[in-house]
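J.: Structure provided below as structure tokens; questions to follow.
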Amino acid sequence: MTAIFVLAGLVSCETYKVQDPEMSAVSEFDGKWICFGVDPSTGDTAVYFIEITNDTFDSSDKIWLTVVNNDPVFPAMVAGPSAAYYYLDAIRFKANCNNSNLSFQCDTAQTTAPYLVNNEYLGQTYYSLGYAMFGKNAVMGQATIENGLITRNAVPTGGNKMASAIEFTLKRSDALVGTDAVVNFKGMKMTGWYEDEAEYVDFMYEYY
């Protein structure tokens with residue numbers, strides 16, 4: 001009996017090697033980013049969430065971007081189906097990326113309307129404005145990205161850590177924003193901690 005208990009103890013204490021999680025082919029790009037987006041012609045500013053993912057084939061030179069303006073739109077401002085809800089203007093499209101220098105760009109990519117999008121800091125999930133106006137995954141128009149760049153370890157955060165920075169210029173044409181709307185983006189990889197992203201979160205609470 002003693003031998004059995006000793007053997008059981010040895011088995012129960014056995015350790016197993018945990019595999020490191022697999023990374024996507026565009027791991028430096030993918031994830032959630034928080035940015036200020038500025039219209040250079042007017043100076044109008046909003047906080048945007050940018051979500052970047054790999055494509056279905058995990059290509060090393062392609063990414064999907066979802067760009068979400070977190071300033072809620074009330075349907076009474078547009079020809080919407082209902083005046084009872086707020087919506088967020090959001091588009092989704094594919095871009096090219098370069099892992100060697102962490103740049104990304106696209107030329108006249110087709111944009112679609114996501115169904116649901118999140119404002120993570122305000123704790124709200126919204127229908128996208130494009131979905132409300134035109135239906136799920138509706139083709140919205142076109143987008144161009146210029147000067148897209150990820151910079152590793154460029155933004156100081158808590159605990160003596162550093163987060164990556166992101167910047168790019170988006171030119172967009174569709175029924176919601178008109179022709180050739182331009183927004184300049186600068187921001188950082190989201191950490192989830194208020195202390196790291198306070199300037200963005202405080203802006204939302206003050207203006208939204």
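We label chains A, B, ... in the order they appear in the structure tokens, count residues from 1 in each chain, and number ligands from 1 in the order shown.
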With only C-alpha atoms as the counted atoms, please give the residues lying no more than 7 Å from Asp89 (chain A), apart from itself and same-chain residues fewer than 6 positions off, as a list in words.
T.: Val68, Asn69, Ser128, Leu129 and Gly130 of chain A
J.: Could you give me, as a tab-separated table, every region 52-143 of chain A residue with an atom at most 9 Å from region 164-181 of chain A, plus its closest atom pair and distance in Å to one decimal, counting only C-alpha atoms, rows ordered by chain then number?
T.:
residue	atom	partner	partner_atom	distance
A:Val78	CA	A:Leu176	CA	8.9
A:Asp89	CA	A:Leu176	CA	8.5
A:Phe104	CA	A:Phe168	CA	8.4
A:Gln105	CA	A:Phe168	CA	8.5
A:Thr108	CA	A:Arg172	CA	8.6
A:Thr111	CA	A:Asp174	CA	8.7
A:Leu129	CA	A:Leu176	CA	8.6
A:Gly130	CA	A:Leu176	CA	7.7
A:Met140	CA	A:Asp174	CA	5.6
A:Gly141	CA	A:Asp174	CA	4.4
A:Gln142	CA	A:Ser173	CA	5.4
A:Ala143	CA	A:Arg172	CA	4.5
J.: In chain A, what's helix (DSSP H, G or I) per DSSP? Answer as a PyMOL selection string?
T.: chain A and resi 2-12+75-77+129-134+198-207
J.: Sort by chain and increasing residue number a table of all residues of region 110-166 of chain A within 12 Å of region 29-37 of chain A, each with its closest pair of atoms and their distance in Å to one decimal, counting only C-alpha atoms, and write it as JSON lines.
T.:
{"residue": "A:Asn118", "atom": "CA", "partner": "A:Lys32", "partner_atom": "CA", "distance": 11.3}
{"residue": "A:Asn119", "atom": "CA", "partner": "A:Ile34", "partner_atom": "CA", "distance": 10.5}
{"residue": "A:Glu120", "atom": "CA", "partner": "A:Ile34", "partner_atom": "CA", "distance": 10.2}
{"residue": "A:Tyr121", "atom": "CA", "partner": "A:Ile34", "partner_atom": "CA", "distance": 10.4}
{"residue": "A:Gly148", "atom": "CA", "partner": "A:Phe29", "partner_atom": "CA", "distance": 10.7}
{"residue": "A:Leu149", "atom": "CA", "partner": "A:Phe29", "partner_atom": "CA", "distance": 9.4}
{"residue": "A:Ile150", "atom": "CA", "partner": "A:Phe29", "partner_atom": "CA", "distance": 7.1}
{"residue": "A:Thr151", "atom": "CA", "partner": "A:Phe29", "partner_atom": "CA", "distance": 10.0}
{"residue": "A:Arg152", "atom": "CA", "partner": "A:Phe29", "partner_atom": "CA", "distance": 10.1}
{"residue": "A:Ala163", "atom": "CA", "partner": "A:Trp33", "partner_atom": "CA", "distance": 10.3}
{"residue": "A:Ser164", "atom": "CA", "partner": "A:Trp33", "partner_atom": "CA", "distance": 9.2}
{"residue": "A:Ala165", "atom": "CA", "partner": "A:Trp33", "partner_atom": "CA", "distance": 8.5}
{"residue": "A:Ile166", "atom": "CA", "partner": "A:Trp33", "partner_atom": "CA", "distance": 7.7}
J.: Go ahead and write the residues just picked, N, CA, C and O atoms, as a PDB file, in the first residue's frame.
T.:
ATOM      1  N   ASN A 118     -17.209  47.502 -30.827  1.00  0.00           N
ATOM      2  CA  ASN A 118     -17.154  47.794 -29.395  1.00  0.00           C
ATOM      3  C   ASN A 118     -16.427  49.098 -29.120  1.00  0.00           C
ATOM      4  O   ASN A 118     -15.458  49.438 -29.786  1.00  0.00           O
ATOM      5  N   ASN A 119     -16.926  49.814 -28.111  1.00  0.00           N
ATOM      6  CA  ASN A 119     -16.149  50.842 -27.445  1.00  0.00           C
ATOM      7  C   ASN A 119     -15.779  50.239 -26.096  1.00  0.00           C
ATOM      8  O   ASN A 119     -16.604  50.198 -25.181  1.00  0.00           O
ATOM      9  N   GLU A 120     -14.562  49.736 -25.982  1.00  0.00           N
ATOM     10  CA  GLU A 120     -14.201  48.927 -24.836  1.00  0.00           C
ATOM     11  C   GLU A 120     -14.107  49.729 -23.556  1.00  0.00           C
ATOM     12  O   GLU A 120     -14.386  49.221 -22.471  1.00  0.00           O
ATOM     13  N   TYR A 121     -13.705  50.990 -23.658  1.00  0.00           N
ATOM     14  CA  TYR A 121     -13.569  51.783 -22.442  1.00  0.00           C
ATOM     15  C   TYR A 121     -14.885  52.368 -21.958  1.00  0.00           C
ATOM     16  O   TYR A 121     -15.049  52.622 -20.773  1.00  0.00           O
ATOM     17  N   GLY A 148       1.628  54.031 -43.507  1.00  0.00           N
ATOM     18  CA  GLY A 148       1.320  53.179 -42.372  1.00  0.00           C
ATOM     19  C   GLY A 148       2.590  52.604 -41.770  1.00  0.00           C
ATOM     20  O   GLY A 148       3.436  52.052 -42.479  1.00  0.00           O
ATOM     21  N   LEU A 149       2.730  52.704 -40.444  1.00  0.00           N
ATOM     22  CA  LEU A 149       3.972  52.261 -39.806  1.00  0.00           C
ATOM     23  C   LEU A 149       3.710  51.838 -38.363  1.00  0.00           C
ATOM     24  O   LEU A 149       3.014  52.531 -37.615  1.00  0.00           O
ATOM     25  N   ILE A 150       4.292  50.701 -37.999  1.00  0.00           N
ATOM     26  CA  ILE A 150       4.343  50.251 -36.613  1.00  0.00           C
ATOM     27  C   ILE A 150       5.760  50.486 -36.102  1.00  0.00           C
ATOM     28  O   ILE A 150       6.733  50.144 -36.782  1.00  0.00           O
ATOM     29  N   THR A 151       5.893  51.060 -34.906  1.00  0.00           N
ATOM     30  CA  THR A 151       7.204  51.258 -34.291  1.00  0.00           C
ATOM     31  C   THR A 151       7.229  50.514 -32.966  1.00  0.00           C
ATOM     32  O   THR A 151       6.438  50.818 -32.064  1.00  0.00           O
ATOM     33  N   ARG A 152       8.112  49.536 -32.852  1.00  0.00           N
ATOM     34  CA  ARG A 152       8.191  48.734 -31.634  1.00  0.00           C
ATOM     35  C   ARG A 152       8.694  49.576 -30.465  1.00  0.00           C
ATOM     36  O   ARG A 152       9.562  50.436 -30.615  1.00  0.00           O
ATOM     37  N   ALA A 163       5.148  49.974 -25.149  1.00  0.00           N
ATOM     38  CA  ALA A 163       4.174  49.460 -26.119  1.00  0.00           C
ATOM     39  C   ALA A 163       4.536  49.962 -27.510  1.00  0.00           C
ATOM     40  O   ALA A 163       5.221  50.976 -27.667  1.00  0.00           O
ATOM     41  N   SER A 164       4.070  49.245 -28.512  1.00  0.00           N
ATOM     42  CA  SER A 164       4.307  49.665 -29.892  1.00  0.00           C
ATOM     43  C   SER A 164       3.417  50.848 -30.251  1.00  0.00           C
ATOM     44  O   SER A 164       2.317  51.018 -29.699  1.00  0.00           O
ATOM     45  N   ALA A 165       3.881  51.664 -31.188  1.00  0.00           N
ATOM     46  CA  ALA A 165       3.121  52.811 -31.693  1.00  0.00           C
ATOM     47  C   ALA A 165       2.658  52.519 -33.109  1.00  0.00           C
ATOM     48  O   ALA A 165       3.256  51.716 -33.827  1.00  0.00           O
ATOM     49  N   ILE A 166       1.569  53.184 -33.499  1.00  0.00           N
ATOM     50  CA  ILE A 166       1.035  53.038 -34.848  1.00  0.00           C
ATOM     51  C   ILE A 166       0.707  54.419 -35.407  1.00  0.00           C
ATOM     52  O   ILE A 166       0.316  55.328 -34.659  1.00  0.00           O
TER      53      ILE A 166
END
J.: May I ask for the distance between CA of Phe57 (chain A) and CA of Glu28 (chain A), given in Å to one decimal place?
T.: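 Rounded to one decimal, the two atoms are 16.8 Å apart.
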J.: Enumerate as a PyMOL selection string all residues of region 77-162 of chain A assigned to strand (DSSP E or B) by DSSP on the backbone, naming them with the chain letters and numbers the document uses.
T.: chain A and resi 87-88+90-98+103-112+116-119+124-128+139-157+161-162
J.: What does the distance from CA of Val47 (chain A) to CA of Asn96 (chain A) come to in Å, to one decimal?
T.: 23.9 Å
J.: Would you mind listing what lies within 12 Å of Thr45 (chain A) as a list in words, with only C-alpha atoms counted and same-chain residues fewer than 6 positions away left out?
T.: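 So the residues in contact are Cys35, Phe36, Gly37, Val38, Asp39, Asn69, Asn70, Asp71, Val182, Val183, Asn184, Phe185, Lys186, Tyr200, Phe203, Met204, Tyr207 and Tyr208 of chain A.
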J.: CA of Val139 (chain A) and CA of Gln110 (chain A), how far apart in Å?
T.: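 Straight-line distance from CA of Gln110 (chain A) to CA of Val139 (chain A) works out to 7.2 Å.
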J.: Have a look at A:Tyr127, A:Met162, A:Val26, A:Asn147 and name the one nearest to Cys106 (chain A); count only C-alpha atoms.
T.: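 Between A:Tyr127, A:Met162, A:Val26, A:Asn147, the residue approaching Cys106 (chain A) most closely is A:Asn147.
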J.: Could you list, as a ChimeraX atom specification, every residue within 6 Å of Ala113 (chain A), counting only C-alpha atoms and ignoring same-chain residues fewer than 2 positions away?
T.: /A:91,130-131,137-138
J.: Would you write out those residues with all heavy atoms, as a PDB file, in the first residue's frame?
T.:
ATOM      1  N   ILE A  91     -15.536  50.865 -40.538  1.00  0.00           N
ATOM      2  CA  ILE A  91     -15.316  50.193 -41.822  1.00  0.00           C
ATOM      3  C   ILE A  91     -14.274  49.097 -41.636  1.00  0.00           C
ATOM      4  O   ILE A  91     -13.434  49.162 -40.736  1.00  0.00           O
ATOM      5  CB  ILE A  91     -14.863  51.161 -42.931  1.00  0.00           C
ATOM      6  CG1 ILE A  91     -13.625  51.961 -42.489  1.00  0.00           C
ATOM      7  CG2 ILE A  91     -15.991  52.078 -43.348  1.00  0.00           C
ATOM      8  CD1 ILE A  91     -13.032  52.817 -43.589  1.00  0.00           C
ATOM      9  N   GLY A 130     -22.833  51.928 -40.756  1.00  0.00           N
ATOM     10  CA  GLY A 130     -23.009  51.366 -42.092  1.00  0.00           C
ATOM     11  C   GLY A 130     -24.002  50.225 -42.114  1.00  0.00           C
ATOM     12  O   GLY A 130     -24.817  50.106 -43.038  1.00  0.00           O
ATOM     13  N   TYR A 131     -23.959  49.371 -41.083  1.00  0.00           N
ATOM     14  CA  TYR A 131     -24.943  48.287 -40.980  1.00  0.00           C
ATOM     15  C   TYR A 131     -26.349  48.859 -40.836  1.00  0.00           C
ATOM     16  O   TYR A 131     -27.300  48.394 -41.476  1.00  0.00           O
ATOM     17  CB  TYR A 131     -24.617  47.387 -39.800  1.00  0.00           C
ATOM     18  CG  TYR A 131     -25.776  46.545 -39.356  1.00  0.00           C
ATOM     19  CD1 TYR A 131     -26.168  45.421 -40.088  1.00  0.00           C
ATOM     20  CD2 TYR A 131     -26.510  46.885 -38.217  1.00  0.00           C
ATOM     21  CE1 TYR A 131     -27.258  44.659 -39.691  1.00  0.00           C
ATOM     22  CE2 TYR A 131     -27.593  46.126 -37.824  1.00  0.00           C
ATOM     23  CZ  TYR A 131     -27.965  45.013 -38.561  1.00  0.00           C
ATOM     24  OH  TYR A 131     -29.047  44.269 -38.169  1.00  0.00           O
ATOM     25  N   ASN A 137     -22.499  43.731 -43.503  1.00  0.00           N
ATOM     26  CA  ASN A 137     -21.422  43.535 -44.484  1.00  0.00           C
ATOM     27  C   ASN A 137     -21.672  44.259 -45.805  1.00  0.00           C
ATOM     28  O   ASN A 137     -21.182  43.842 -46.863  1.00  0.00           O
ATOM     29  CB  ASN A 137     -21.185  42.047 -44.743  1.00  0.00           C
ATOM     30  CG  ASN A 137     -20.673  41.328 -43.515  1.00  0.00           C
ATOM     31  OD1 ASN A 137     -19.875  41.872 -42.764  1.00  0.00           O
ATOM     32  ND2 ASN A 137     -21.144  40.110 -43.301  1.00  0.00           N
ATOM     33  N   ALA A 138     -22.430  45.330 -45.745  1.00  0.00           N
ATOM     34  CA  ALA A 138     -22.675  46.119 -46.951  1.00  0.00           C
ATOM     35  C   ALA A 138     -21.375  46.709 -47.465  1.00  0.00           C
ATOM     36  O   ALA A 138     -20.502  47.120 -46.682  1.00  0.00           O
ATOM     37  CB  ALA A 138     -23.660  47.247 -46.640  1.00  0.00           C
TER      38      ALA A 138
END
